[in-house]
$ cat my_file-v4.txt   # compact mmCIF, C-alpha atoms
# COMPACT_ATOMS: atom_id res chain seq x y z
CA MET L 20 70.64 -58.73 118.87
CA ARG L 21 67.88 -56.14 119.00
CA VAL L 22 67.53 -54.52 122.42
CA LEU L 23 64.45 -52.46 123.35
CA TYR L 24 63.90 -50.09 126.26
CA PHE L 25 60.62 -48.76 127.60
CA ALA L 26 59.34 -46.03 129.94
CA TRP L 27 62.03 -44.41 132.15
CA LEU L 28 64.64 -46.93 131.05
CA ARG L 29 64.16 -45.65 127.48
CA GLU L 30 64.42 -42.04 128.68
CA ARG L 31 67.55 -42.60 130.77
CA ILE L 32 69.32 -44.53 128.03
CA GLY L 33 68.15 -42.08 125.38
CA ALA L 34 67.09 -44.74 122.86
CA ALA L 35 64.00 -46.87 122.25
CA SER L 36 65.96 -49.63 120.54
CA GLU L 37 69.43 -50.49 119.30
CA GLU L 38 71.40 -53.34 117.82
CA ILE L 39 73.88 -54.71 120.32
CA ASP L 40 76.46 -57.44 119.98
CA PRO L 41 75.99 -59.35 123.25
CA GLY L 42 79.58 -60.57 123.15
CA ASP L 43 80.11 -63.13 125.89
CA ALA L 44 76.92 -62.19 127.76
CA ALA L 45 74.90 -65.39 128.29
CA THR L 46 72.00 -63.87 130.30
CA PRO L 47 70.15 -60.53 130.50
CA ALA L 48 72.00 -59.80 133.77
CA GLU L 49 75.35 -60.29 132.05
CA LEU L 50 74.26 -58.13 129.13
CA ILE L 51 73.33 -55.35 131.57
CA GLU L 52 76.78 -55.60 133.22
CA THR L 53 78.40 -55.31 129.78
CA LEU L 54 76.33 -52.19 128.96
CA LYS L 55 76.97 -50.60 132.36
CA ALA L 56 80.70 -50.99 131.89
CA ARG L 57 80.42 -49.42 128.44
CA GLU L 58 78.68 -46.10 129.21
CA GLU L 59 77.49 -44.05 132.17
CA ARG L 60 73.91 -43.69 130.87
CA TYR L 61 73.46 -47.46 131.15
CA ALA L 62 74.88 -47.47 134.67
CA HIS L 63 72.37 -44.75 135.55
CA ALA L 64 69.42 -46.56 133.90
CA PHE L 65 70.22 -49.92 135.49
CA ALA L 66 71.21 -48.58 138.93
CA ASP L 67 68.22 -50.18 140.69
CA MET L 68 67.89 -53.73 139.40
CA THR L 69 64.84 -54.44 141.59
CA ALA L 70 62.92 -52.10 139.23
CA VAL L 71 64.05 -53.80 136.01
CA ARG L 72 61.98 -56.44 134.21
CA VAL L 73 63.02 -58.32 131.09
CA ALA L 74 61.35 -60.02 128.14
CA ILE L 75 63.11 -62.30 125.66
CA ASP L 76 61.46 -62.54 122.24
CA GLN L 77 58.33 -60.92 123.74
CA ASP L 78 57.92 -63.40 126.60
CA MET L 79 58.60 -62.46 130.21
CA ALA L 80 61.93 -63.86 131.37
CA ALA L 81 64.23 -63.73 134.38
CA LEU L 82 67.54 -61.88 134.60
CA ASP L 83 69.33 -65.24 134.56
CA THR L 84 67.39 -66.77 131.65
CA PRO L 85 69.82 -68.00 128.94
CA LEU L 86 70.02 -65.64 125.95
CA ALA L 87 70.95 -68.43 123.54
CA GLY L 88 69.05 -67.99 120.29
CA ALA L 89 67.28 -64.80 121.39
CA ARG L 90 66.57 -62.24 118.66
CA GLU L 91 64.90 -59.49 120.71
CA ILE L 92 65.42 -58.56 124.34
CA ALA L 93 63.47 -55.83 126.12
CA PHE L 94 64.14 -54.06 129.41
CA PHE L 95 61.42 -52.11 131.22
CA PRO L 96 60.12 -51.17 134.67
CA PRO L 97 57.23 -53.04 136.36
CA MET L 98 54.07 -52.73 134.30
CA THR L 99 51.37 -50.20 135.15
CA GLY L 100 48.53 -50.82 132.71
CA GLY L 101 44.83 -51.34 133.33
CA MET A 26 36.64 -73.70 123.75
CA ALA A 27 35.52 -70.17 122.90
CA GLN A 28 38.03 -67.79 121.35
CA ALA A 29 39.47 -64.69 122.98
CA HIS A 30 39.23 -61.44 121.06
CA VAL A 31 41.88 -58.89 122.03
CA SER A 32 42.55 -55.37 120.71
CA VAL A 33 45.25 -52.83 121.48
CA GLN A 34 44.33 -49.47 120.00
CA ALA A 35 44.60 -45.70 120.35
CA GLU A 36 40.91 -45.13 119.54
CA ASP A 37 38.04 -45.15 122.00
CA PHE A 38 35.60 -48.08 122.06
CA ASP A 39 31.83 -48.50 122.40
CA THR A 40 31.22 -50.32 125.67
CA GLY A 41 27.55 -51.01 124.99
CA ALA A 42 28.16 -52.39 121.51
CA GLU A 43 30.92 -54.70 122.77
CA ILE A 44 28.72 -56.07 125.56
CA GLU A 45 25.82 -56.67 123.15
CA ARG A 46 28.06 -58.34 120.59
CA LEU A 47 29.53 -60.82 123.06
CA GLY A 48 26.17 -61.64 124.62
CA ALA A 49 24.65 -62.32 121.19
CA ARG A 50 27.20 -65.01 120.32
CA SER A 51 25.23 -67.90 121.79
CA ARG A 52 21.75 -68.55 123.19
CA GLN A 53 23.49 -70.56 125.92
CA ILE A 54 24.92 -67.38 127.44
CA GLY A 55 23.14 -66.39 130.63
CA ALA A 56 25.61 -63.89 132.03
CA VAL A 57 27.71 -61.07 130.58
CA VAL A 58 30.06 -59.23 132.94
CA SER A 59 31.99 -56.13 131.93
CA PHE A 60 34.68 -54.01 133.54
CA THR A 61 35.53 -50.56 132.20
CA GLY A 62 38.64 -48.78 133.44
CA LEU A 63 38.69 -44.97 133.33
CA VAL A 64 41.56 -42.53 133.61
CA ARG A 65 41.36 -40.98 137.06
CA GLU A 66 42.13 -37.33 137.65
CA ILE A 67 45.28 -37.15 139.73
CA LEU A 68 47.02 -33.88 138.94
CA GLY A 69 44.29 -31.56 137.73
CA GLU A 70 43.25 -31.85 134.11
CA ALA A 71 46.62 -33.14 132.94
CA ALA A 72 46.47 -35.95 130.42
CA MET A 73 48.33 -39.19 130.75
CA GLU A 74 50.56 -40.95 128.21
CA LEU A 75 50.29 -44.72 128.02
CA GLU A 76 53.31 -46.41 126.47
CA HIS A 77 53.27 -50.06 125.43
CA TYR A 78 55.36 -52.74 123.74
CA PRO A 79 53.75 -53.35 120.33
CA GLY A 80 53.65 -57.05 119.59
CA MET A 81 54.26 -58.24 123.13
CA THR A 82 51.19 -56.37 124.38
CA GLU A 83 48.88 -58.30 122.06
CA ARG A 84 50.61 -61.57 122.93
CA ALA A 85 50.36 -60.93 126.67
CA LEU A 86 46.67 -59.94 126.56
CA HIS A 87 45.88 -62.95 124.41
CA ALA A 88 47.72 -65.26 126.80
CA ILE A 89 45.81 -63.84 129.79
CA ALA A 90 42.43 -64.14 128.03
CA THR A 91 43.24 -67.68 126.90
CA GLU A 92 44.18 -68.67 130.44
CA ALA A 93 40.78 -67.36 131.60
CA LEU A 94 39.08 -69.51 128.94
CA GLU A 95 40.97 -72.55 130.24
CA ARG A 96 40.13 -71.89 133.88
CA TRP A 97 36.45 -71.02 133.59
CA PRO A 98 33.60 -72.34 131.39
CA LEU A 99 33.25 -69.19 129.28
CA ASP A 100 31.44 -68.59 126.00
CA GLY A 101 33.47 -65.53 125.08
CA VAL A 102 36.11 -63.03 126.20
CA ARG A 103 36.69 -59.54 124.83
CA VAL A 104 39.58 -57.33 125.93
CA ILE A 105 40.33 -53.84 124.60
CA HIS A 106 43.23 -51.76 125.94
CA ARG A 107 44.00 -48.28 124.69
CA HIS A 108 47.41 -46.60 124.45
CA GLY A 109 48.67 -43.11 123.73
CA ARG A 110 47.45 -39.85 125.21
CA LEU A 111 44.40 -40.15 127.48
CA ALA A 112 42.66 -37.44 129.50
CA PRO A 113 40.90 -37.88 132.87
CA GLY A 114 37.48 -39.45 132.38
CA GLU A 115 38.43 -41.30 129.21
CA ARG A 116 37.98 -45.06 128.90
CA ILE A 117 41.29 -46.93 129.02
CA VAL A 118 40.43 -50.64 129.27
CA LEU A 119 37.45 -52.93 128.71
CA VAL A 120 37.06 -56.56 129.75
CA VAL A 121 33.87 -58.44 128.84
CA THR A 122 33.25 -62.09 129.76
CA ALA A 123 30.25 -64.25 128.87
CA SER A 124 29.18 -67.56 130.39
CA ARG A 125 26.12 -69.67 131.14
CA HIS A 126 26.13 -68.65 134.79
CA ARG A 127 27.31 -65.48 136.46
CA GLN A 128 30.00 -66.88 138.79
CA ALA A 129 32.38 -67.84 135.98
CA ALA A 130 31.88 -64.51 134.19
CA PHE A 131 32.47 -62.47 137.38
CA GLU A 132 35.57 -64.42 138.41
CA ALA A 133 37.11 -64.51 134.94
CA ALA A 134 36.69 -60.74 134.48
CA ALA A 135 38.39 -60.08 137.84
CA PHE A 136 41.17 -62.53 136.99
CA ILE A 137 41.83 -60.91 133.60
CA MET A 138 42.04 -57.43 135.14
CA ASP A 139 44.33 -58.59 137.97
CA TYR A 140 46.69 -60.34 135.56
CA LEU A 141 46.57 -57.52 133.02
CA LYS A 142 47.77 -55.05 135.67
CA THR A 143 50.99 -56.97 136.29
CA ARG A 144 51.60 -58.89 133.03
CA ALA A 145 50.61 -56.65 130.13
CA PRO A 146 53.47 -54.34 129.05
CA PHE A 147 51.92 -50.90 129.57
CA TRP A 148 53.49 -47.97 131.40
CA LYS A 149 51.63 -44.86 132.51
CA LYS A 150 53.22 -41.44 132.55
CA GLU A 151 51.35 -38.54 134.10
CA ALA A 152 51.92 -35.24 132.33
CA GLY A 153 53.48 -32.47 134.38
CA PRO A 154 55.50 -29.26 134.09
CA ASP A 155 58.81 -31.12 134.51
CA GLY A 156 58.15 -33.48 131.62
CA GLY A 157 55.93 -35.83 133.55
CA THR A 158 56.17 -38.62 136.11
CA TRP A 159 56.16 -42.36 135.54
CA VAL A 160 53.54 -44.09 137.65
CA ASP A 161 55.00 -46.59 140.11
CA ALA A 162 53.74 -50.17 140.14
CA ARG A 163 51.62 -50.94 143.19
CA GLU A 164 52.34 -53.82 145.53
CA SER A 165 48.59 -54.26 145.95
CA ASP A 166 48.37 -55.11 142.24
CA ASP A 167 50.93 -57.91 142.71
CA GLN A 168 48.93 -59.21 145.67
CA ALA A 169 45.70 -59.09 143.66
CA ALA A 170 47.31 -61.14 140.88
CA ALA A 171 48.82 -63.60 143.35
CA ARG A 172 45.41 -64.61 144.71
CA TRP A 173 44.73 -66.50 141.44
CA SER A 174 47.85 -68.66 141.73
CA THR A 175 47.10 -72.29 142.40
$ encode --input "my_file-v4.txt" --output "structure tokens"
Amino acid sequence: MRVLYFAWLRERIGAASEEIDPGDAATPAELIETLKAREERYAHAFADMTAVRVAIDQDMAALDTPLAGAREIAFFPPMTGG
Amino acid sequence: MAQAHVSVQAEDFDTGAEIERLGARSRQIGAVVSFTGLVREILGEAAMELEHYPGMTERALHAIATEALERWPLDGVRVIHRHGRLAPGERIVLVVTASRHRQAAFEAAAFIMDYLKTRAPFWKKEAGPDGGTWVDARESDDQAAARWST
């Protein structure tokens, strides 16, 4: 699965995108827990979950939305356009 | 239903030309409302970097503009949002709405801007000596978007 990061999440993780095997993770929240357990930089990036938003296949989703069938998942902070 | 026309681009845009073009689409149009967002000067002359999510940005803007077309009797919607490096005073966003009567055009333009602030995947970073600072989302923007919920 392709995972994208934007803004300070991208900076803290040190990558704009990567291919990740989600393993047993069934939701974005579970995928985050898997990543946090894997490396410190993920734990640092995802320390404050109230500031993390998620999109699945380019549509806004919730942290507990099922990942089944998803090709692209993106994590980013609240949007500040306009 | 009229179609929404959405652009995400690094280049500047011609506000006057966009307003004229939308207004000329139909002789039934009696009102054209436009909103232009400018980069405000916050920390001196420092420029700002606007990151976005290519692909999702276009989808999100199109979804917002289409929702406006469903909610108000509009004859046209034009949205342009820039990305990349922008200096204070530069244009960053344009919303133009056209309708027979002004109320729909005014309301739809405000709706599109309020939704765009919280639903279009853009992130502002202000340049600075320490590598820059990411702009925090404002609670007032969430409240502004919430007023359109029915």
$ interface_residues --input "my_file-v4.txt" --of "chain L" --to "chain A" --cutoff "10 Å" --atoms "all atoms listed in the file" --output "PyMOL selection string"
chain L and resi 23-27+70+74+76-79+93+95-101
$ atom_distance --input "my_file-v4.txt" --atom1 "CA of Ala27 in chain A" --atom2 "CA of Trp173 in chain A"
21.0 Å
$ closest_residue --input "my_file-v4.txt" --among "L:Ala45, L:Ile51, L:Ile39, L:Ala56" --to "Gly88 in chain L" --atoms "all atoms listed in the file"
L:Ala45
$ atom_distance --input "my_file-v4.txt" --atom1 "CA of Glu43 in chain A" --atom2 "CA of Ile67 in chain A"
28.3 Å
$ atom_distance --input "my_file-v4.txt" --atom1 "CA of Gly33 in chain L" --atom2 "CA of Leu54 in chain L"
13.5 Å
$ closest_residue --input "my_file-v4.txt" --among "A:Leu86, A:Val121, A:Ile54, A:Ala152" --to "Ala42 in chain A" --atoms "only C-alpha atoms"
A:Val121
$ closest_residue --input "my_file-v4.txt" --among "A:His87, A:Pro154, A:Gly48, A:Glu95" --to "Ser32 in chain A" --atoms "all atoms listed in the file"
A:His87
$ residues_around --input "my_file-v4.txt" --residues "Ala87 in chain L" --least-positions-apart "2" --cutoff "10 Å" --atoms "only C-alpha atoms" --output "PyMOL selection string"
chain L and resi 44-46+84-85+89-90
$ closest_residue --input "my_file-v4.txt" --among "A:Arg46, A:Arg172, A:Arg52, A:Arg65" --to "Arg116 in chain A" --atoms "all atoms listed in the file"
A:Arg65
$ closest_residue --input "my_file-v4.txt" --among "L:Asp43, L:Ile32, L:Arg21, L:Phe94" --to "His63 in chain L" --atoms "all atoms listed in the file"
L:Ile32
$ closest_residue --input "my_file-v4.txt" --among "A:Met73, A:Val58, A:Ala35, A:Ala112" --to "Ala133 in chain A" --atoms "all atoms listed in the file"
A:Val58
$ residues_around --input "my_file-v4.txt" --residues "Pro47 in chain L" --least-positions-apart "6" --cutoff "7 Å" --atoms "all atoms listed in the file" --output "NGL selection string"
:L and (82-84 or 86)
